[in-house]
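Beneath this line is the structure, given in structure tokens, with notes to follow.
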Amino acid sequence: MAIAMNPYNFVRLDLSRPPQRDGRRIKNEGLNWIFGLWGSTDCRLETLTPLFIGSNITREDKDHKYMDYLLRNGKPFIPGTSLKGAIRSIAEAAANSCLAVATENSRNPANDILSKIPAEFRPCHDRGALCITCRMFGAGRKAMLTGKVSFGDGLPVKVEDGGWVTLPPLMVPKPRHAVWYFPNQQVAGRKFYYHQPGVRLASAEKSPLNKTVHLIGPGSIFEFRVKFWGLDQEELGLLFYALFLEPGLKHKLGMGKPLGLGSVSISPVAAHLCEMHRRYTSWSKGVLTANRLEGEALSEYIAKLTEPWRESQAINLQDVRQILCFDPSRKVSFAYPSREWFRGHGQVSLADLVKQSGLGR
């Protein structure tokens, strides 16, 4: 077994290609409704490792909490909000967009992430100057703009019961470890967790600091629909890339990512593409054509739209490929270094750990 690797790493910001912000979302809003791409894509999600997206606490026993997975009509489901958040994070990393969720920490300047982000990558706040992902998924704070994509809930097709497992305590991020989070006094990038194929969790000792959770097992299948409206081809290509990635790359969802939970594969089932402009250019009143793509035709369409991201060798996409690779042949043990390790290796960077582990970068 190779040297253990920290369970997360950062997708670097490509400082040579700052986000291109423009006002087309506002200036062309009316035209997008007519000439933009409308439609939906049906997706299938398969769990590759156990998954937990929790509901409220079901019971407590001596301050130890038990949590079941989310249920609707007695069956587990995956909220569309969880899916949208995971897909948006990939889109932001792939497009080298702004760090939309970064916030200021006025109480503790040492942990103020916003001040350590290059100005070009700080969250979009002007409706007339948005990066591509804020144009697509929406922008908060001062911009207050809704998105042009929506995610339905993942509904069960087949569910494998992963059983009840007591997780070890999951700690909050520790940005005070500046060597990892703020090398050269700048934010390291966007945080993603490595996949751990074949992970098997043994129950930890119950305590007030951890939880016992009900897992969805590997091999479970869910289906969901993504709707979009008013997208241009670049935006639709980015959406498809973030959804379906590249061969060998997989997504992470839910709780327990550092432990190997939440690895999932998302694949396209069908797409419906509406040519809205035909409603206004046809002699027949109200005509609206919708093309349904599936099988090889859908694969070819997605491949064409996503080619700019799949072919790019930008450092951010190189990092996406390295971190999100789901490779059972990797001989790496993923775990947080111990407190004793940090005492003796406080200046070791994540880049050094990557090289020592054999992952390469």
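If you're wondering about the labels, chains in the structure tokens are A, B, ... by order shown, residues count from 1 in each chain, ligands from 1 in order shown.
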
Excluding same-chain residues fewer than 4 positions from Leu261 of chain A, what lies within 12 Å of it counting only C-alpha atoms, as a short mmCIF file (atom, residue, chain, number, x, y, z; two decimals) with N, CA and C atoms, in the first residue's frame?
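Produced file around.cif, reproduced below:
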```cif
data_model
loop_
_atom_site.label_atom_id
_atom_site.label_comp_id
_atom_site.auth_asym_id
_atom_site.auth_seq_id
_atom_site.Cartn_x
_atom_site.Cartn_y
_atom_site.Cartn_z
N PRO A 7 -7.82 12.78 2.37
CA PRO A 7 -8.99 12.44 1.56
C PRO A 7 -9.50 13.54 0.63
N THR A 47 -25.34 4.34 -7.36
CA THR A 47 -24.41 4.48 -6.25
C THR A 47 -23.28 3.47 -6.38
N LEU A 48 -22.06 3.94 -6.25
CA LEU A 48 -20.87 3.08 -6.36
C LEU A 48 -20.30 2.73 -5.00
N THR A 49 -20.51 3.60 -4.03
CA THR A 49 -20.18 3.33 -2.63
C THR A 49 -21.41 3.69 -1.81
N PRO A 50 -21.49 3.31 -0.55
CA PRO A 50 -22.66 3.67 0.25
C PRO A 50 -22.92 5.17 0.23
N LEU A 51 -24.18 5.53 0.29
CA LEU A 51 -24.60 6.93 0.20
C LEU A 51 -25.47 7.27 1.40
N PHE A 52 -25.23 8.47 1.98
CA PHE A 52 -26.13 8.94 3.03
C PHE A 52 -26.46 10.41 2.80
N ILE A 53 -27.73 10.67 2.56
CA ILE A 53 -28.26 12.03 2.55
C ILE A 53 -29.36 12.03 3.59
N GLY A 162 -28.05 -0.35 2.75
CA GLY A 162 -26.67 -0.36 3.22
C GLY A 162 -26.52 -0.59 4.71
N VAL A 165 -24.87 2.21 10.25
CA VAL A 165 -23.44 2.26 10.57
C VAL A 165 -23.18 3.48 11.45
N LEU A 167 -20.77 6.24 12.27
CA LEU A 167 -19.64 6.91 11.62
C LEU A 167 -18.68 7.46 12.67
N TYR A 193 -13.31 15.85 -2.77
CA TYR A 193 -12.86 14.64 -2.09
C TYR A 193 -12.57 13.53 -3.09
N TYR A 194 -11.52 12.76 -2.79
CA TYR A 194 -11.17 11.62 -3.61
C TYR A 194 -12.19 10.49 -3.46
N HIS A 195 -12.33 9.69 -4.50
CA HIS A 195 -13.13 8.47 -4.42
C HIS A 195 -12.32 7.37 -3.73
N GLN A 196 -13.05 6.51 -3.03
CA GLN A 196 -12.43 5.36 -2.36
C GLN A 196 -13.20 4.10 -2.74
N PRO A 197 -12.98 3.58 -3.96
CA PRO A 197 -13.74 2.41 -4.42
C PRO A 197 -13.61 1.24 -3.45
N GLY A 198 -14.72 0.54 -3.28
CA GLY A 198 -14.70 -0.65 -2.45
C GLY A 198 -14.64 -0.39 -0.97
N VAL A 199 -14.86 0.84 -0.53
CA VAL A 199 -14.76 1.16 0.89
C VAL A 199 -15.79 0.35 1.68
N ARG A 200 -15.36 -0.14 2.83
CA ARG A 200 -16.24 -0.88 3.74
C ARG A 200 -16.10 -0.24 5.12
N LEU A 201 -17.19 0.27 5.64
CA LEU A 201 -17.14 0.97 6.91
C LEU A 201 -17.50 0.04 8.06
N VAL A 213 -26.04 6.22 11.21
CA VAL A 213 -26.84 6.59 10.04
C VAL A 213 -27.27 5.35 9.26
N LEU A 215 -27.61 3.80 5.73
CA LEU A 215 -26.99 4.01 4.42
C LEU A 215 -27.82 3.40 3.29
N ILE A 216 -27.76 4.06 2.14
CA ILE A 216 -28.20 3.47 0.88
C ILE A 216 -27.00 2.72 0.30
N GLY A 217 -27.18 1.46 -0.04
CA GLY A 217 -26.06 0.64 -0.45
C GLY A 217 -25.62 0.83 -1.89
N PRO A 218 -24.41 0.37 -2.23
CA PRO A 218 -23.94 0.40 -3.62
C PRO A 218 -24.88 -0.40 -4.52
N HIS A 251 -19.00 11.44 -9.61
CA HIS A 251 -19.41 12.49 -8.68
C HIS A 251 -19.38 12.00 -7.24
N LYS A 252 -19.47 12.98 -6.33
CA LYS A 252 -19.60 12.72 -4.90
C LYS A 252 -20.84 13.43 -4.39
N LEU A 253 -21.61 12.74 -3.54
CA LEU A 253 -22.83 13.31 -2.99
C LEU A 253 -22.93 13.01 -1.50
N GLY A 254 -23.62 13.86 -0.77
CA GLY A 254 -24.05 13.53 0.57
C GLY A 254 -22.99 13.67 1.64
N MET A 255 -23.27 13.03 2.77
CA MET A 255 -22.45 13.11 3.96
C MET A 255 -21.41 12.00 3.96
N GLY A 256 -20.29 12.24 4.65
CA GLY A 256 -19.28 11.20 4.82
C GLY A 256 -18.31 11.06 3.67
N LYS A 257 -18.16 12.11 2.87
CA LYS A 257 -17.23 12.03 1.74
C LYS A 257 -15.81 11.68 2.16
#
```

Exercise for the section: Enumerate the residues of segment 18-217 of chain A with a DSSP assignment of strand (DSSP E), computed from the backbone, and present them as a PyMOL selection string. Expected result: chain A and resi 37-47+54-61+64-69+71-72+75-76+138-139+145-146+149-151+155-158+161-166+190-193+211-216

Practice task
Name the residues of segment 218-327 of chain A that fall into helix (DSSP H, G or I) according to DSSP on the backbone, using the chain letters and numbers of this document, as a PyMOL selection string.
Solution key: chain A and resi 233-244+257-259+278-281+295-311+315-323

Per residue of segment 201-240 of chain A within 12 Å of segment 310-330 of chain A, what are the shortest atom pair and its distance in Å to one decimal, counting only C-alpha atoms, with rows by chain and residue number, as JSON lines?
```
{"residue": "A:Gly237", "atom": "CA", "partner": "A:Arg310", "partner_atom": "CA", "distance": 10.5}
{"residue": "A:Leu238", "atom": "CA", "partner": "A:Arg310", "partner_atom": "CA", "distance": 10.4}
{"residue": "A:Phe240", "atom": "CA", "partner": "A:Arg310", "partner_atom": "CA", "distance": 11.2}
```

Handout entry: Best match for closeness to Pro76 of chain A among A:Leu155, A:Ala102, A:Val332, A:Met144, counting only C-alpha atoms
Key = A:Leu155
